[in-house]
Number of protein chains: 2
Amino acid sequence: MTLETLSINRAYGGAQGVYRHASAATGTEMTFSVFVPPHADGARLPVVWYLSGLTCTHANVTEKGEYRRLCAELGLIFVAPDTSPRGEGVPDDPDGAYDFGLGAGFYVDATEAPFATHYRMWRYVTEELPALVAAHFPADTARQSIMGHSMGGHGALTIGLTYPDRYKAVSAFSPIVAPGQVPWGHKALGGYLGADRALWRKHDAVALIEDGARLPALLVDQGDADQFLEAQLKPHLLAEACAGTVIDLTLRMQPGYDHSYYFISTFMADHLAWHARRLG
Amino acid sequence: MTLETLSINRAYGGAQGVYRHASAATGTEMTFSVFVPPHADGARLPVVWYLSGLTCTHANVTEKGEYRRLCAELGLIFVAPDTSPRGEGVPDDPDGAYDFGLGAGFYVDATEAPFATHYRMWRYVTEELPALVAAHFPADTARQSIMGHSMGGHGALTIGLTYPDRYKAVSAFSPIVAPGQVPWGHKALGGYLGADRALWRKHDAVALIEDGARLPALLVDQGDADQFLEAQLKPHLLAEACAGTVIDLTLRMQPGYDHSYYFISTFMADHLAWHARRLG
């Protein structure tokens with residue numbers, strides 16, 4: 001598992017790196033970023049995974065997420081993968097739409113042609129990249145957590161609900177909580193997984209909870225001026241699914257905030273502090 | 001003085017806006033950003049000016065500068081102008097180089113053809129835009145300060161030294177302190193102001209200090225891994241110029257830091273706190 005360093009910049013006493021590697025999961029080269037905070041020699045640090053939304057690469061949160069200050073203060077490694085495979089031979093949306101194909105992997109392993117060959121983002125994010133990070137960075141793999149934004153919030157919720165023992169904290173900014181019930185999800189899960197909606201339920205946070213998946217707590221921030229709130233995000237569906245279960249959902253509607261990184265960066269410190277408390 | 005709002009996003013309880021207007025100084029449309037922190041109705045707030053470096057627009061610091069958290073906490077308006085005129089008929093570097101012409105106005109009023117018509121960034125930043133900001137935002141014009149990065153550090157230092165009563169605090173990240181003594185400055189000041197080096201001295205912080213300009217204090221952060229340190233920045237020239245004067249220079253060499261926004265964002269909070277103390 002070799003890793004090519006594309007850039008490394010000192011920040012907040014730590015190191016913000018961008019790396020590339022040949023992925024077995026996707027059959028492409030993949031790029032991701034890792035911030036390693038200042039730490040004592042030999043220390044192993046908890047890892048926060050951040051999954052990005054539609055159209056993003058690793059770069060959006062790396063440049064605009066404002067996570068480094070608190071990661072440095074709290075001693076957290078912060079990893080930001082890409083949102084899809086890219087490169088020669090990777091099929092895109094036939095119409096070049098932003099919500100499917102490149103930049104829109106939806107954190108699933110596609111089973112439908114022509115996407116099944118490369119669109120293996122579930123395996124990439126839950127297996128291959130964690131192993132790579134564990135091998136190359138001072139990571140304590142017993143202390144991992146996951147967060148994400150929009151499509152990446154969907155990824156964080158579904159992955160967290162699937163592996164509640166692995167991820168000690170799960171949170172999201174304006175997540176797609178029920179892809180099976182909204183247009184973005186219909187298109188993506190239909191395109192990647194096919195028409196049988198029963199197969200979508202493992203990639204739908206609300207359906208996972210309905211089907212019995214549990215974790216101790218969730219933190220979700222959602223701007224009430226988010227242009228996608230009504231049609232695509234529907235956080236009330238998550239609240240309804242969690243009601244009466246052991247899942248302690250904190251859903252905060254943030255007045256005046258939209259879907260942008262101006263929103264995410266405002267509440268990033270809250271999320272990181274919440275994660276750090278659970279990572280010990 | 002009409003102002004067109006291009007975008008406005010809620011952030012840290014305040015409003016991050018991007019605006020466009022027809023500039024009399026440059027004879028072009030100009031774009032700039034303003035963050036207004038949360039504040040009481042009717043309050044007038046101090047204004048921090050941030051001047052950007054070569055190749056930048058208002059967007060670089062707006063997206064990557066990590067200033068909003070502390071501006072919200074300290075009640076500071078933060079204004080980021082563009083670095084040059086742009087648009088139809090604005091001449092660029094004849095070879096399209098990054099260090100002259102578009103994105104490289106150097107905060108001077110050009111006197112040389114063909115640049116004299118539009119490249120009036122000194123007047124724009126010190127007269128026209130302050131009047132516009134005073135008219136459209138809850139600004140206390142008696143409490144202004146200025147900072148900048150690289151070419152914008154040059155702008156902040158020269159403007160601050162020229163108007164010590166107007167700007168209550170002046171600081172810089174990796175500034176060009178002596179353009180008359182380095183290649184970037186030779187090209188820019190020669191190209192905009194002509195061959196007579198005596199005319200450059202008003203746009204050279206070290207020369208201004210040598211010629212008697214004074215202010216109470218300066219804060220400068222400089223990464224020691226900055227690729228431009230030796231050839232273009234030369235902060236020791238500023239230290240030598242300030243030595244024995246009333247100017248209380250704090251020059252901090254930051255180990256391992258480069259010229260990027262990873263560096264700037266790391267120390268932005270220090271600068272804003274330093275400004276806020278002087279803005280009262």
# chains A, B, ... in the order shown; residues from 1 in each chain; ligands from 1
call {"tool": "interface_residues", "arguments": {"of": "chain A", "to": "chain B", "cutoff": "12 Å", "atoms": "only C-alpha atoms", "output": "compact mmCIF listing (two decimals) with all heavy atoms, in the first residue's frame"}}
result
# COMPACT_ATOMS: atom_id res chain seq x y z
N SER A 7 0.92 17.01 -1.43
CA SER A 7 1.29 18.28 -0.79
C SER A 7 1.25 18.07 0.71
O SER A 7 0.52 17.21 1.21
CB SER A 7 0.34 19.42 -1.19
OG SER A 7 -0.96 19.17 -0.71
N ILE A 8 2.04 18.86 1.40
CA ILE A 8 1.98 18.85 2.85
C ILE A 8 2.27 20.27 3.32
O ILE A 8 3.20 20.91 2.84
CB ILE A 8 2.92 17.79 3.44
CG1 ILE A 8 2.61 17.54 4.91
CG2 ILE A 8 4.36 18.12 3.23
CD1 ILE A 8 2.92 16.12 5.33
N ASN A 9 1.39 20.78 4.17
CA ASN A 9 1.51 22.16 4.64
C ASN A 9 1.38 22.18 6.15
O ASN A 9 0.44 21.60 6.71
CB ASN A 9 0.40 23.04 4.05
CG ASN A 9 0.43 23.11 2.55
OD1 ASN A 9 -0.13 22.27 1.86
ND2 ASN A 9 1.10 24.11 2.02
N ARG A 10 2.27 22.88 6.79
CA ARG A 10 2.17 23.03 8.23
C ARG A 10 0.99 23.93 8.55
O ARG A 10 0.77 24.97 7.91
CB ARG A 10 3.45 23.63 8.79
CG ARG A 10 3.53 23.57 10.31
CD ARG A 10 4.98 23.77 10.77
NE ARG A 10 5.11 23.69 12.21
CZ ARG A 10 5.22 22.54 12.88
NH1 ARG A 10 5.21 21.38 12.23
NH2 ARG A 10 5.35 22.54 14.21
N ALA A 11 0.19 23.52 9.55
CA ALA A 11 -0.97 24.31 9.95
C ALA A 11 -1.29 23.99 11.39
O ALA A 11 -1.29 22.82 11.78
CB ALA A 11 -2.17 23.98 9.07
N TYR A 12 -1.52 25.01 12.19
CA TYR A 12 -1.89 24.85 13.60
C TYR A 12 -0.94 23.88 14.31
O TYR A 12 -1.36 23.06 15.13
CB TYR A 12 -3.33 24.36 13.72
CG TYR A 12 -4.36 25.43 13.36
CD1 TYR A 12 -4.90 25.49 12.08
CD2 TYR A 12 -4.77 26.37 14.30
CE1 TYR A 12 -5.83 26.48 11.74
CE2 TYR A 12 -5.69 27.36 13.96
CZ TYR A 12 -6.22 27.40 12.70
OH TYR A 12 -7.14 28.38 12.37
N GLY A 13 0.33 23.95 13.97
CA GLY A 13 1.32 23.11 14.61
C GLY A 13 1.36 21.68 14.12
O GLY A 13 2.22 20.90 14.52
N GLY A 14 0.42 21.31 13.25
CA GLY A 14 0.37 19.96 12.69
C GLY A 14 0.69 19.96 11.21
O GLY A 14 1.32 20.90 10.71
N ALA A 15 0.25 18.92 10.53
CA ALA A 15 0.56 18.78 9.10
C ALA A 15 -0.70 18.44 8.33
O ALA A 15 -1.35 17.42 8.59
CB ALA A 15 1.61 17.68 8.90
N GLN A 16 -1.05 19.31 7.38
CA GLN A 16 -2.16 19.03 6.48
C GLN A 16 -1.58 18.45 5.19
O GLN A 16 -0.88 19.13 4.46
CB GLN A 16 -2.93 20.32 6.16
CG GLN A 16 -4.06 20.11 5.17
CD GLN A 16 -5.13 19.16 5.71
OE1 GLN A 16 -5.76 19.45 6.71
NE2 GLN A 16 -5.31 18.03 5.06
N GLY A 17 -1.89 17.18 4.95
CA GLY A 17 -1.38 16.52 3.76
C GLY A 17 -2.47 16.17 2.78
O GLY A 17 -3.64 16.04 3.16
N PHE A 35 -5.24 15.50 8.08
CA PHE A 35 -4.58 16.43 9.00
C PHE A 35 -4.12 15.64 10.21
O PHE A 35 -4.92 14.94 10.85
CB PHE A 35 -5.52 17.55 9.44
CG PHE A 35 -4.88 18.48 10.44
CD1 PHE A 35 -3.86 19.33 10.05
CD2 PHE A 35 -5.30 18.51 11.76
CE1 PHE A 35 -3.24 20.19 10.97
CE2 PHE A 35 -4.69 19.37 12.69
CZ PHE A 35 -3.67 20.21 12.29
N ALA A 59 -10.92 18.37 -1.35
CA ALA A 59 -10.39 19.73 -1.20
C ALA A 59 -11.37 20.68 -0.51
O ALA A 59 -10.96 21.60 0.20
CB ALA A 59 -10.00 20.30 -2.56
N ASN A 60 -12.67 20.48 -0.71
CA ASN A 60 -13.63 21.46 -0.18
C ASN A 60 -13.52 21.61 1.33
O ASN A 60 -13.36 22.72 1.84
CB ASN A 60 -15.06 21.08 -0.59
CG ASN A 60 -15.21 20.96 -2.08
OD1 ASN A 60 -14.65 20.05 -2.67
ND2 ASN A 60 -15.94 21.86 -2.71
N VAL A 61 -13.63 20.51 2.04
CA VAL A 61 -13.55 20.63 3.50
C VAL A 61 -12.12 20.97 3.93
O VAL A 61 -11.93 21.68 4.93
CB VAL A 61 -14.05 19.35 4.20
CG1 VAL A 61 -13.07 18.19 4.03
CG2 VAL A 61 -14.33 19.61 5.66
N THR A 62 -11.14 20.49 3.19
CA THR A 62 -9.75 20.77 3.55
C THR A 62 -9.48 22.27 3.52
O THR A 62 -8.78 22.81 4.38
CB THR A 62 -8.81 20.02 2.59
OG1 THR A 62 -9.13 18.63 2.61
CG2 THR A 62 -7.36 20.20 2.99
N GLU A 63 -10.06 22.94 2.54
CA GLU A 63 -9.84 24.39 2.41
C GLU A 63 -10.82 25.22 3.22
O GLU A 63 -10.48 26.28 3.72
CB GLU A 63 -9.93 24.79 0.93
CG GLU A 63 -8.82 24.15 0.09
CD GLU A 63 -8.93 24.46 -1.39
OE1 GLU A 63 -9.95 25.06 -1.81
OE2 GLU A 63 -8.01 24.09 -2.13
N LYS A 64 -12.06 24.76 3.32
CA LYS A 64 -13.11 25.62 3.87
C LYS A 64 -13.72 25.12 5.17
O LYS A 64 -14.59 25.78 5.74
CB LYS A 64 -14.26 25.74 2.85
CG LYS A 64 -13.83 26.24 1.49
CD LYS A 64 -15.04 26.26 0.54
CE LYS A 64 -14.64 26.63 -0.87
NZ LYS A 64 -15.79 26.58 -1.80
N GLY A 65 -13.32 23.95 5.65
CA GLY A 65 -14.02 23.32 6.77
C GLY A 65 -13.67 23.85 8.15
O GLY A 65 -14.39 23.61 9.11
N GLU A 66 -12.53 24.54 8.26
CA GLU A 66 -12.13 25.16 9.54
C GLU A 66 -12.07 24.14 10.67
O GLU A 66 -12.48 24.41 11.80
CB GLU A 66 -13.04 26.36 9.88
CG GLU A 66 -13.03 27.40 8.78
CD GLU A 66 -13.64 28.74 9.15
OE1 GLU A 66 -13.90 28.98 10.33
OE2 GLU A 66 -13.85 29.55 8.22
N TYR A 67 -11.52 22.97 10.38
CA TYR A 67 -11.44 21.92 11.40
C TYR A 67 -10.08 21.85 12.08
O TYR A 67 -9.95 21.23 13.14
CB TYR A 67 -11.75 20.55 10.79
CG TYR A 67 -10.89 20.16 9.61
CD1 TYR A 67 -9.61 19.64 9.80
CD2 TYR A 67 -11.33 20.34 8.31
CE1 TYR A 67 -8.81 19.31 8.72
CE2 TYR A 67 -10.54 20.00 7.23
CZ TYR A 67 -9.28 19.50 7.44
OH TYR A 67 -8.49 19.18 6.36
N ARG A 68 -9.06 22.45 11.49
CA ARG A 68 -7.71 22.21 12.00
C ARG A 68 -7.47 22.78 13.39
O ARG A 68 -6.77 22.17 14.21
CB ARG A 68 -6.67 22.75 11.01
CG ARG A 68 -6.44 21.83 9.83
CD ARG A 68 -5.51 22.43 8.80
NE ARG A 68 -6.15 23.50 8.07
CZ ARG A 68 -6.88 23.31 6.97
NH1 ARG A 68 -7.00 22.11 6.44
NH2 ARG A 68 -7.45 24.34 6.37
N ARG A 69 -8.04 23.94 13.68
CA ARG A 69 -7.81 24.53 15.01
C ARG A 69 -8.23 23.55 16.10
O ARG A 69 -7.47 23.25 17.02
CB ARG A 69 -8.61 25.83 15.15
CG ARG A 69 -8.45 26.50 16.50
CD ARG A 69 -9.25 27.79 16.58
NE ARG A 69 -10.69 27.55 16.49
CZ ARG A 69 -11.49 27.31 17.54
NH1 ARG A 69 -10.99 27.27 18.75
NH2 ARG A 69 -12.79 27.12 17.36
N LEU A 70 -9.45 23.04 16.00
CA LEU A 70 -9.93 22.17 17.06
C LEU A 70 -9.28 20.79 17.01
O LEU A 70 -9.05 20.18 18.07
CB LEU A 70 -11.46 22.06 17.03
CG LEU A 70 -12.04 22.14 18.45
CD1 LEU A 70 -11.72 23.47 19.11
CD2 LEU A 70 -13.51 21.86 18.47
N ALA A 72 -6.25 20.27 16.24
CA ALA A 72 -4.95 20.48 16.89
C ALA A 72 -5.13 20.53 18.40
O ALA A 72 -4.35 19.93 19.16
CB ALA A 72 -4.29 21.75 16.38
N GLY A 223 -29.42 23.71 8.60
CA GLY A 223 -29.83 25.10 8.43
C GLY A 223 -31.27 25.19 7.96
O GLY A 223 -31.68 24.42 7.08
N ASP A 224 -32.01 26.13 8.52
CA ASP A 224 -33.41 26.21 8.10
C ASP A 224 -33.59 27.03 6.82
O ASP A 224 -34.70 27.10 6.28
CB ASP A 224 -34.31 26.69 9.24
CG ASP A 224 -34.21 28.18 9.51
OD1 ASP A 224 -33.46 28.90 8.84
OD2 ASP A 224 -34.91 28.63 10.45
N ALA A 225 -32.50 27.65 6.32
CA ALA A 225 -32.55 28.33 5.03
C ALA A 225 -31.86 27.51 3.93
O ALA A 225 -31.49 28.03 2.88
CB ALA A 225 -31.90 29.71 5.13
N ASP A 226 -31.71 26.24 4.19
CA ASP A 226 -31.06 25.32 3.24
C ASP A 226 -32.01 25.08 2.07
O ASP A 226 -33.14 24.61 2.25
CB ASP A 226 -30.77 24.01 3.99
CG ASP A 226 -29.96 23.02 3.19
OD1 ASP A 226 -30.15 22.93 1.96
OD2 ASP A 226 -29.15 22.31 3.81
N GLN A 254 -30.77 25.26 12.57
CA GLN A 254 -29.98 26.48 12.76
C GLN A 254 -30.59 27.60 11.92
O GLN A 254 -30.53 27.57 10.68
CB GLN A 254 -28.53 26.22 12.35
CG GLN A 254 -27.86 25.11 13.16
CD GLN A 254 -27.60 25.51 14.61
OE1 GLN A 254 -27.93 26.61 15.05
NE2 GLN A 254 -27.01 24.59 15.38
N PRO A 255 -31.12 28.62 12.58
CA PRO A 255 -31.87 29.64 11.85
C PRO A 255 -31.01 30.50 10.92
O PRO A 255 -29.99 31.03 11.33
CB PRO A 255 -32.48 30.50 12.96
CG PRO A 255 -31.69 30.21 14.18
CD PRO A 255 -31.12 28.83 14.03
N GLY A 256 -31.44 30.58 9.67
CA GLY A 256 -30.78 31.44 8.69
C GLY A 256 -29.63 30.79 7.95
O GLY A 256 -29.11 31.37 6.99
N TYR A 257 -29.25 29.59 8.34
CA TYR A 257 -28.10 28.95 7.70
C TYR A 257 -28.52 28.16 6.47
O TYR A 257 -29.60 27.57 6.42
CB TYR A 257 -27.38 28.03 8.69
CG TYR A 257 -26.58 28.81 9.70
CD1 TYR A 257 -27.17 29.26 10.88
CD2 TYR A 257 -25.26 29.15 9.46
CE1 TYR A 257 -26.46 30.01 11.80
CE2 TYR A 257 -24.53 29.89 10.36
CZ TYR A 257 -25.13 30.33 11.53
OH TYR A 257 -24.42 31.08 12.43
N ASP A 258 -27.60 28.13 5.48
CA ASP A 258 -27.86 27.45 4.21
C ASP A 258 -27.08 26.14 4.13
O ASP A 258 -26.73 25.56 5.16
CB ASP A 258 -27.57 28.40 3.04
CG ASP A 258 -26.12 28.88 3.02
OD1 ASP A 258 -25.23 28.16 3.53
OD2 ASP A 258 -25.88 29.98 2.49
N HIS A 259 -26.82 25.67 2.93
CA HIS A 259 -26.21 24.35 2.72
C HIS A 259 -24.68 24.42 2.54
O HIS A 259 -24.05 23.42 2.26
CB HIS A 259 -26.84 23.72 1.47
CG HIS A 259 -26.74 22.22 1.38
ND1 HIS A 259 -27.38 21.37 2.24
CD2 HIS A 259 -26.07 21.41 0.52
CE1 HIS A 259 -27.12 20.11 1.93
NE2 HIS A 259 -26.32 20.11 0.88
N SER A 260 -24.11 25.61 2.70
CA SER A 260 -22.73 25.85 2.27
C SER A 260 -21.71 25.56 3.37
O SER A 260 -22.04 25.28 4.53
CB SER A 260 -22.59 27.31 1.85
OG SER A 260 -22.65 28.15 3.00
N TYR A 261 -20.45 25.70 3.01
CA TYR A 261 -19.37 25.58 3.98
C TYR A 261 -19.36 26.73 4.98
O TYR A 261 -18.72 26.61 6.03
CB TYR A 261 -18.01 25.38 3.30
CG TYR A 261 -17.76 23.90 3.07
CD1 TYR A 261 -18.13 23.28 1.88
CD2 TYR A 261 -17.21 23.11 4.08
CE1 TYR A 261 -17.95 21.92 1.71
CE2 TYR A 261 -17.03 21.76 3.91
CZ TYR A 261 -17.40 21.15 2.73
OH TYR A 261 -17.22 19.81 2.57
N TYR A 262 -20.03 27.82 4.68
CA TYR A 262 -20.19 28.87 5.71
C TYR A 262 -20.99 28.32 6.89
O TYR A 262 -20.73 28.65 8.04
CB TYR A 262 -20.86 30.11 5.11
CG TYR A 262 -20.01 30.75 4.05
CD1 TYR A 262 -20.34 30.66 2.70
CD2 TYR A 262 -18.84 31.44 4.40
CE1 TYR A 262 -19.54 31.24 1.73
CE2 TYR A 262 -18.04 32.01 3.43
CZ TYR A 262 -18.39 31.91 2.10
OH TYR A 262 -17.59 32.47 1.13
N PHE A 263 -21.95 27.48 6.60
CA PHE A 263 -22.71 26.78 7.64
C PHE A 263 -21.86 25.71 8.32
O PHE A 263 -21.73 25.68 9.55
CB PHE A 263 -23.96 26.18 6.99
CG PHE A 263 -24.60 25.04 7.74
CD1 PHE A 263 -25.16 25.24 8.99
CD2 PHE A 263 -24.63 23.77 7.18
CE1 PHE A 263 -25.75 24.18 9.67
CE2 PHE A 263 -25.20 22.72 7.86
CZ PHE A 263 -25.76 22.92 9.11
N ILE A 264 -21.26 24.86 7.54
CA ILE A 264 -20.46 23.76 8.11
C ILE A 264 -19.37 24.29 9.02
O ILE A 264 -19.19 23.82 10.15
CB ILE A 264 -19.84 22.91 6.97
CG1 ILE A 264 -20.93 22.28 6.11
CG2 ILE A 264 -18.90 21.85 7.54
CD1 ILE A 264 -20.40 21.66 4.82
N SER A 265 -18.61 25.28 8.52
CA SER A 265 -17.48 25.78 9.31
C SER A 265 -17.95 26.39 10.62
O SER A 265 -17.23 26.34 11.63
CB SER A 265 -16.66 26.78 8.50
OG SER A 265 -17.45 27.90 8.12
N THR A 266 -19.14 26.99 10.62
CA THR A 266 -19.66 27.60 11.84
C THR A 266 -19.85 26.57 12.95
O THR A 266 -19.60 26.86 14.13
CB THR A 266 -21.00 28.30 11.55
OG1 THR A 266 -20.78 29.35 10.60
CG2 THR A 266 -21.62 28.89 12.81
N PHE A 267 -20.28 25.38 12.58
CA PHE A 267 -20.61 24.38 13.60
C PHE A 267 -19.59 23.23 13.68
O PHE A 267 -19.79 22.28 14.44
CB PHE A 267 -22.03 23.85 13.36
CG PHE A 267 -23.05 24.96 13.49
CD1 PHE A 267 -23.62 25.52 12.36
CD2 PHE A 267 -23.36 25.47 14.74
CE1 PHE A 267 -24.52 26.58 12.48
CE2 PHE A 267 -24.24 26.53 14.87
CZ PHE A 267 -24.83 27.08 13.74
N MET A 268 -18.54 23.31 12.88
CA MET A 268 -17.52 22.26 12.90
C MET A 268 -16.93 22.05 14.29
O MET A 268 -16.75 20.90 14.74
CB MET A 268 -16.42 22.61 11.89
CG MET A 268 -15.28 21.61 11.81
SD MET A 268 -15.79 19.94 11.30
CE MET A 268 -15.82 20.13 9.50
N ALA A 269 -16.63 23.13 14.99
CA ALA A 269 -16.00 22.99 16.31
C ALA A 269 -16.94 22.26 17.28
O ALA A 269 -16.48 21.42 18.07
CB ALA A 269 -15.62 24.36 16.87
N ASP A 270 -18.21 22.56 17.22
CA ASP A 270 -19.18 21.83 18.06
C ASP A 270 -19.12 20.33 17.79
O ASP A 270 -19.13 19.51 18.72
CB ASP A 270 -20.62 22.27 17.74
CG ASP A 270 -20.97 23.62 18.36
OD1 ASP A 270 -20.08 24.24 18.98
OD2 ASP A 270 -22.14 24.02 18.21
call {"tool": "residues_around", "arguments": {"residues": "Leu74 (chain A)", "least_positions_apart": "6", "cutoff": "9 Å", "atoms": "only C-alpha atoms", "output": "count of residues only"}}
result
4
call {"tool": "select_by_dssp", "arguments": {"residues": "region 79-201 of chain B", "states": "strand (DSSP E)", "output": "JSON, numbers by chain"}}
result
{"B": [79, 80, 139, 140, 141, 142, 143, 144, 145, 146, 147, 148, 149, 167, 168, 169, 170, 171, 172, 173]}
call {"tool": "residues_around", "arguments": {"residues": "Arg120 (chain B)", "least_positions_apart": "6", "cutoff": "9 Å", "atoms": "only C-alpha atoms", "output": "ChimeraX atom specification"}}
result
/B:25-27,84-85,105,107-111
call {"tool": "atom_distance", "arguments": {"atom1": "CA of Ala134 (chain A)", "atom2": "CA of Phe32 (chain A)"}}
result
14.1 Å
call {"tool": "residues_around", "arguments": {"residues": "Arg86 (chain A)", "least_positions_apart": "3", "cutoff": "8 Å", "atoms": "only C-alpha atoms", "output": "list of chain:residue names"}}
result
A:Thr28, A:Glu29, A:Met30, A:Val90, A:Leu102
